[in-house]
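data.cif, holding mmCIF, C-alpha atoms and all ligand atoms:
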data_model
#
loop_
_atom_site.label_atom_id
_atom_site.label_comp_id
_atom_site.auth_asym_id
_atom_site.auth_seq_id
_atom_site.Cartn_x
_atom_site.Cartn_y
_atom_site.Cartn_z
CA MET B 20 73.79 215.55 26.67
CA ILE B 21 77.31 216.58 27.46
CA GLU B 22 78.04 220.20 28.27
CA LYS B 23 80.33 221.96 25.83
CA THR B 24 81.78 225.00 27.49
CA GLU B 25 83.50 226.27 24.39
CA LYS B 26 84.22 224.90 20.97
CA ASN B 27 85.87 221.49 21.17
CA ARG B 28 86.29 221.76 24.90
CA LYS B 29 84.44 219.70 27.48
CA LYS B 30 84.60 219.47 31.24
CA ILE B 31 83.95 216.49 33.48
CA VAL B 32 84.02 216.30 37.26
CA PHE B 33 86.04 213.33 38.55
CA VAL B 34 85.22 212.54 42.17
CA THR B 35 88.29 210.94 43.71
CA GLY B 36 90.53 211.45 46.70
CA ASN B 37 93.32 209.52 44.94
CA ASN B 38 95.73 211.93 43.24
CA GLY B 39 97.45 209.11 41.34
CA LYS B 40 94.20 208.23 39.60
CA PHE B 41 93.36 211.86 38.97
CA VAL B 42 96.73 212.60 37.35
CA GLU B 43 96.37 209.58 35.05
CA VAL B 44 92.81 210.32 34.00
CA ARG B 45 93.54 214.01 33.50
CA ALA B 46 96.51 213.16 31.24
CA ILE B 47 94.55 210.67 29.14
CA LEU B 48 91.50 212.91 28.71
CA ALA B 49 93.59 216.07 28.13
CA SER B 50 94.97 214.40 25.00
CA ARG B 51 91.36 214.28 23.79
CA GLY B 52 90.56 217.92 24.63
CA ILE B 53 88.55 217.06 27.74
CA GLU B 54 89.24 218.98 30.94
CA VAL B 55 88.93 216.96 34.14
CA LEU B 56 88.14 218.75 37.40
CA GLN B 57 88.94 216.92 40.62
CA ASN B 58 86.37 216.83 43.40
CA LYS B 59 87.52 215.25 46.66
CA GLU B 60 84.19 215.21 48.50
CA GLY B 61 83.88 211.44 48.11
CA TYR B 62 80.83 209.20 48.19
CA PRO B 63 79.54 206.37 50.38
CA GLU B 64 81.18 203.15 49.12
CA LEU B 65 79.04 200.01 49.12
CA GLN B 66 80.59 196.87 50.59
CA GLU B 67 80.39 194.59 47.57
CA GLU B 68 82.51 191.81 46.07
CA GLU B 69 82.33 193.44 42.63
CA LEU B 70 83.59 196.86 41.56
CA GLU B 71 80.62 197.62 39.27
CA PRO B 72 77.89 198.26 41.88
CA ILE B 73 80.34 200.31 43.98
CA ALA B 74 81.20 202.57 41.02
CA ALA B 75 77.60 202.84 39.81
CA SER B 76 76.15 203.84 43.16
CA GLY B 77 79.03 206.29 43.71
CA ALA B 78 78.54 208.02 40.35
CA SER B 79 74.79 208.23 40.84
CA PHE B 80 75.25 209.72 44.31
CA VAL B 81 77.71 212.40 43.19
CA ALA B 82 75.79 213.35 40.03
CA GLU B 83 72.68 214.03 42.13
CA LYS B 84 74.65 215.80 44.83
CA LEU B 85 76.64 218.06 42.51
CA ARG B 86 73.88 218.33 39.88
CA LEU B 87 76.65 217.84 37.31
CA PRO B 88 77.80 215.01 35.03
CA ALA B 89 80.40 213.12 37.02
CA ILE B 90 82.70 210.13 36.85
CA VAL B 91 84.04 207.90 39.59
CA ASP B 92 86.64 205.15 39.27
CA ASP B 93 86.63 202.03 41.41
CA SER B 94 89.69 199.87 40.94
CA GLY B 95 91.32 196.84 42.48
CA LEU B 96 94.18 194.38 42.29
CA PHE B 97 92.98 190.77 42.06
CA ILE B 98 95.59 188.10 42.93
CA LYS B 99 94.79 184.60 41.71
CA ALA B 100 96.67 182.65 44.41
CA LEU B 101 94.83 184.72 47.05
CA LYS B 102 91.43 183.98 45.47
CA GLY B 103 91.06 187.52 44.15
CA PHE B 104 92.23 189.30 47.29
CA PRO B 105 92.51 192.28 47.84
CA GLY B 106 90.05 193.03 44.98
CA PRO B 107 87.39 195.50 46.16
CA TYR B 108 89.26 195.87 49.45
CA SER B 109 92.41 197.14 47.73
CA ARG B 110 92.25 200.59 49.30
CA PHE B 111 91.87 199.20 52.80
CA VAL B 112 94.69 196.69 52.29
CA GLU B 113 97.03 199.32 50.83
CA ASP B 114 96.38 201.56 53.85
CA LYS B 115 96.57 198.86 56.52
CA LEU B 116 99.11 196.39 55.11
CA GLY B 117 100.96 197.97 52.18
CA ASN B 118 102.96 196.39 49.38
CA GLN B 119 105.54 194.65 51.59
CA LYS B 120 102.87 192.71 53.48
CA VAL B 121 101.14 191.74 50.24
CA LEU B 122 104.52 190.42 49.01
CA GLN B 123 104.86 188.43 52.24
CA LEU B 124 101.45 186.84 51.68
CA MET B 125 102.76 185.79 48.25
CA GLU B 126 106.14 184.55 49.53
CA ASN B 127 105.56 180.84 48.96
CA GLU B 128 103.23 181.15 45.99
CA GLU B 129 104.49 179.95 42.63
CA ASP B 130 101.43 181.15 40.78
CA ARG B 131 102.05 184.93 40.54
CA ALA B 132 99.12 185.71 38.23
CA ALA B 133 97.12 188.85 39.02
CA TYR B 134 95.07 191.45 37.27
CA PHE B 135 94.21 195.09 37.78
CA LYS B 136 90.67 196.14 37.03
CA THR B 137 89.11 199.58 36.80
CA VAL B 138 85.43 200.34 36.54
CA ILE B 139 84.62 203.88 35.47
CA SER B 140 81.07 205.00 36.05
CA TYR B 141 79.70 208.10 34.36
CA CYS B 142 76.41 209.60 35.49
CA GLU B 143 74.35 212.65 34.60
CA PRO B 144 71.81 214.02 37.12
CA GLY B 145 68.46 212.25 36.82
CA LYS B 146 69.92 209.47 34.65
CA LYS B 147 71.17 205.96 35.20
CA PRO B 148 74.90 205.47 35.77
CA LEU B 149 76.84 203.97 32.86
CA LEU B 150 79.70 201.51 33.38
CA PHE B 151 82.96 201.04 31.47
CA SER B 152 85.53 198.51 32.61
CA GLY B 153 89.14 197.75 31.76
CA LEU B 154 91.44 194.97 32.83
CA VAL B 155 95.14 194.23 32.47
CA GLU B 156 96.73 190.89 33.29
CA GLY B 157 100.17 190.59 34.86
CA LYS B 158 102.11 189.06 37.72
CA ILE B 159 103.00 189.91 41.28
CA ALA B 160 106.72 190.70 41.44
CA PHE B 161 109.00 189.27 44.15
CA GLU B 162 110.00 192.72 45.36
CA GLU B 163 108.96 196.34 44.84
CA ARG B 164 110.56 197.85 41.73
CA GLY B 165 110.32 201.31 40.21
CA THR B 166 109.22 204.67 41.47
CA GLY B 167 106.56 205.61 38.90
CA GLY B 168 102.80 205.39 39.30
CA PHE B 169 101.17 204.89 42.69
CA GLY B 170 99.61 202.29 44.96
CA TYR B 171 100.39 198.72 43.87
CA ASP B 172 102.32 199.76 40.74
CA PRO B 173 105.77 198.77 42.13
CA ILE B 174 104.64 195.15 42.70
CA PHE B 175 102.57 194.63 39.53
CA GLU B 176 104.62 193.27 36.66
CA TYR B 177 103.54 193.58 33.06
CA GLU B 178 105.68 191.79 30.46
CA GLY B 179 108.77 191.80 32.71
CA LYS B 180 108.56 195.35 34.08
CA THR B 181 106.54 196.63 36.98
CA PHE B 182 104.12 199.49 36.38
CA GLY B 183 106.41 201.45 38.69
CA GLU B 184 109.30 200.85 36.28
CA LEU B 185 107.29 201.55 33.14
CA GLY B 186 106.56 205.15 34.13
CA ASP B 187 103.29 207.00 33.81
CA GLU B 188 103.44 207.71 30.10
CA ILE B 189 103.78 204.07 29.06
CA LYS B 190 101.43 202.84 31.81
CA ASN B 191 98.81 205.21 30.43
CA THR B 192 98.94 203.56 27.01
CA LEU B 193 98.07 200.07 28.27
CA SER B 194 96.69 200.12 31.81
CA HIS B 195 93.37 198.84 33.11
CA ARG B 196 92.36 202.49 33.62
CA ARG B 197 93.32 203.38 30.04
CA ARG B 198 91.23 200.50 28.72
CA ALA B 199 88.20 201.58 30.75
CA ILE B 200 88.61 205.21 29.66
CA ASP B 201 88.89 204.21 26.01
CA LYS B 202 85.50 202.51 26.29
CA PHE B 203 84.07 205.57 28.03
CA LEU B 204 85.48 207.83 25.28
CA GLU B 205 83.98 205.70 22.56
CA TRP B 206 80.57 206.23 24.14
CA PHE B 207 81.27 209.89 25.02
CA ASP B 208 82.29 210.74 21.44
CA SER B 209 79.14 209.13 20.10
CA GLN B 210 77.05 211.53 22.25
CA ILE B 211 78.54 214.72 20.86
CA ASP B 212 77.27 216.16 17.61
P1 LIG T 1 88.75 207.05 45.31
O1 LIG T 1 87.75 205.98 45.72
O2 LIG T 1 88.65 208.31 46.11
O3 LIG T 1 88.77 207.29 43.83
P2 LIG T 1 90.71 205.11 46.23
O4 LIG T 1 92.20 205.14 46.31
O5 LIG T 1 89.96 204.80 47.50
O6 LIG T 1 90.24 206.50 45.63
P3 LIG T 1 89.96 202.63 44.88
O7 LIG T 1 89.16 202.09 46.00
O8 LIG T 1 89.43 202.47 43.52
O9 LIG T 1 90.26 204.17 45.07
O10 LIG T 1 91.46 202.08 44.84
C1 LIG T 1 91.77 200.82 45.21
C2 LIG T 1 93.21 200.72 45.61
O11 LIG T 1 93.96 200.28 44.49
C3 LIG T 1 93.87 201.99 46.11
O12 LIG T 1 94.73 201.64 47.17
C4 LIG T 1 94.65 202.47 44.92
O13 LIG T 1 95.81 203.20 45.28
C5 LIG T 1 95.01 201.17 44.22
N1 LIG T 1 95.05 201.39 42.79
C6 LIG T 1 94.02 201.77 42.00
N2 LIG T 1 94.44 201.93 40.73
C7 LIG T 1 95.76 201.63 40.73
C8 LIG T 1 96.77 201.62 39.75
O14 LIG T 1 96.50 202.00 38.50
N3 LIG T 1 98.00 201.28 40.10
C9 LIG T 1 98.29 200.93 41.36
N4 LIG T 1 97.43 200.92 42.37
C10 LIG T 1 96.16 201.26 42.06
#
Translate this structure into structure tokens?
Ligand code: ITT
Amino acid sequence: MIEKTEKNRKKIVFVTGNNGKFVEVRAILASRGIEVLQNKEGYPELQEEELEPIAASGASFVAEKLRLPAIVDDSGLFIKALKGFPGPYSRFVEDKLGNQKVLQLMENEEDRAAYFKTVISYCEPGKKPLLFSGLVEGKIAFEERGTGGFGYDPIFEYEGKTFGELGDEIKNTLSHRRRAIDKFLEWFDSQID
């Protein structure tokens, strides 16, 4: 059962080293009266082709370690013309190559289709991790545009604007992360009396 620290107020630990993610999740959950505490201690990430097992094992690890209910978020950008690359390797590719190199890989590709996916895993100590996923379809832009968001946002176009151009507030109404959190909230609300 979820800990209520005071009337209508709940706290969840979000284990992430990514401040962009943390700021988004904190904003979305704050609007629902949930306080999100960032923990940057990390967790061992499985090498898998899918985000789900990575998120599930991470949430389970941190819930046992902290002895607290915790969420982790594993996300990726999946580009159709590159057969889903960088997908689960998105962090590594952002660090080692960056947006400009990803755009170069896409230089001669007509098919710009791509999607962002987030898997949120929530776990309480001694319990199985739960999974909630969200996906948003878009296109890879031809150049970086916009200064909002983080990571791949300047090269991911949704209905003509990049996530970097949309700004955090609008991104948070329709993003992959928002869709995953909405599913989590639906479950979370059903657990509270
Ligand atoms: P944690 O595992 O500590 O949470 P991370 O940055 O390593 O942080 P991921 O592996 O889930 O997290 O992130 C995959 C990559 O995709 C990473 O480079 C992110 O910056 C990027 N990314 C994730 N969500 C994004 C979003 O909403 N917009 C743009 N880029 C995003």
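For the residues B:Asn191, B:Ser209, B:Arg86, B:Asn58, ranking by smallest atom-to-atom distance to B:Ala46 using all atoms listed in the file places B:Asn191 first.
Among B:Pro63, B:Gly117, B:Gly153, B:Gly36, the residue with the shortest atom-to-atom distance to ligand LIG 1 (chain T), counting only C-alpha atoms and all ligand atoms, is B:Gly36.
Interatomic distance, atom N1 of ligand LIG 1 (chain T) against atom CA of B:Thr192: 16.4 Å.
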**Study point:** Cut-off 6 Å, only C-alpha atoms and all ligand atoms, neighbours of ligand LIG 1 (chain T) as a PyMOL selection string
**Key:** chain B and resi 35-37+92-95+109-110+113+169-172
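We find atom CA of B:Arg198 and atom CA of B:Glu176 to be spaced 17.2 Å apart.
For B:Phe97, the non-local neighbours within 9 Å, defined as residues at least 3 positions apart in the same chain or in other chains and counting only C-alpha atoms, are B:Leu101, B:Lys102, B:Gly103, B:Phe104, B:Pro105, B:Gly106, B:Pro107, B:Ser109, B:Ala132, B:Ala133, B:Tyr134, B:Phe135, B:Lys136.
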Review point. If we count all atoms listed in the file, what is near B:Val138 at a cut-off of 12 Å, once residues fewer than 3 positions away on the same chain are taken out, given as a ChimeraX atom specification?
Key: /B:69-78,90-95,107,135,141,148-154,195-203
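Nearest to B:Gly39 of all the residues B:Gln57, B:Asn127, B:Ser79, B:Asn118 is B:Gln57, counting all atoms listed in the file.
Note that the spacing between atom CA of B:Gln119 and atom CA of B:Phe161 amounts to 9.8 Å.
The nearest approach to B:Ala100 among the residues B:Leu48, B:Val55, B:Ile139, B:Ile159, with all atoms listed in the file taken into account, belongs to B:Ile159.
Distance check against B:Gly157 using only C-alpha atoms: of B:Lys99, B:Asp208, B:Leu116, B:Pro144, the minimum falls on B:Lys99.
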Exercise for review: May I have the residues within 8 Å of B:Gly167 as an NGL selection string, using only C-alpha atoms and disregarding those fewer than 3 positions away in the same chain?
Suggested key: :B and (172-173 or 182-187)
Review point. Restricting the calculation to all atoms listed in the file, which member of B:Lys29, B:Leu65, B:Glu178, B:Gln123 is positioned closest to B:Glu163?
Key: B:Gln123
So for stretch 35-41 of chain B, what box centre and size do we get, axis-aligned, 3 Å extra on each of the six sides, every listed atom, Å to one decimal, as AutoDock Vina command-line options?
--center_x 92.9 --center_y 210.1 --center_z 42.8 --size_x 15.2 --size_y 9.7 --size_z 13.7
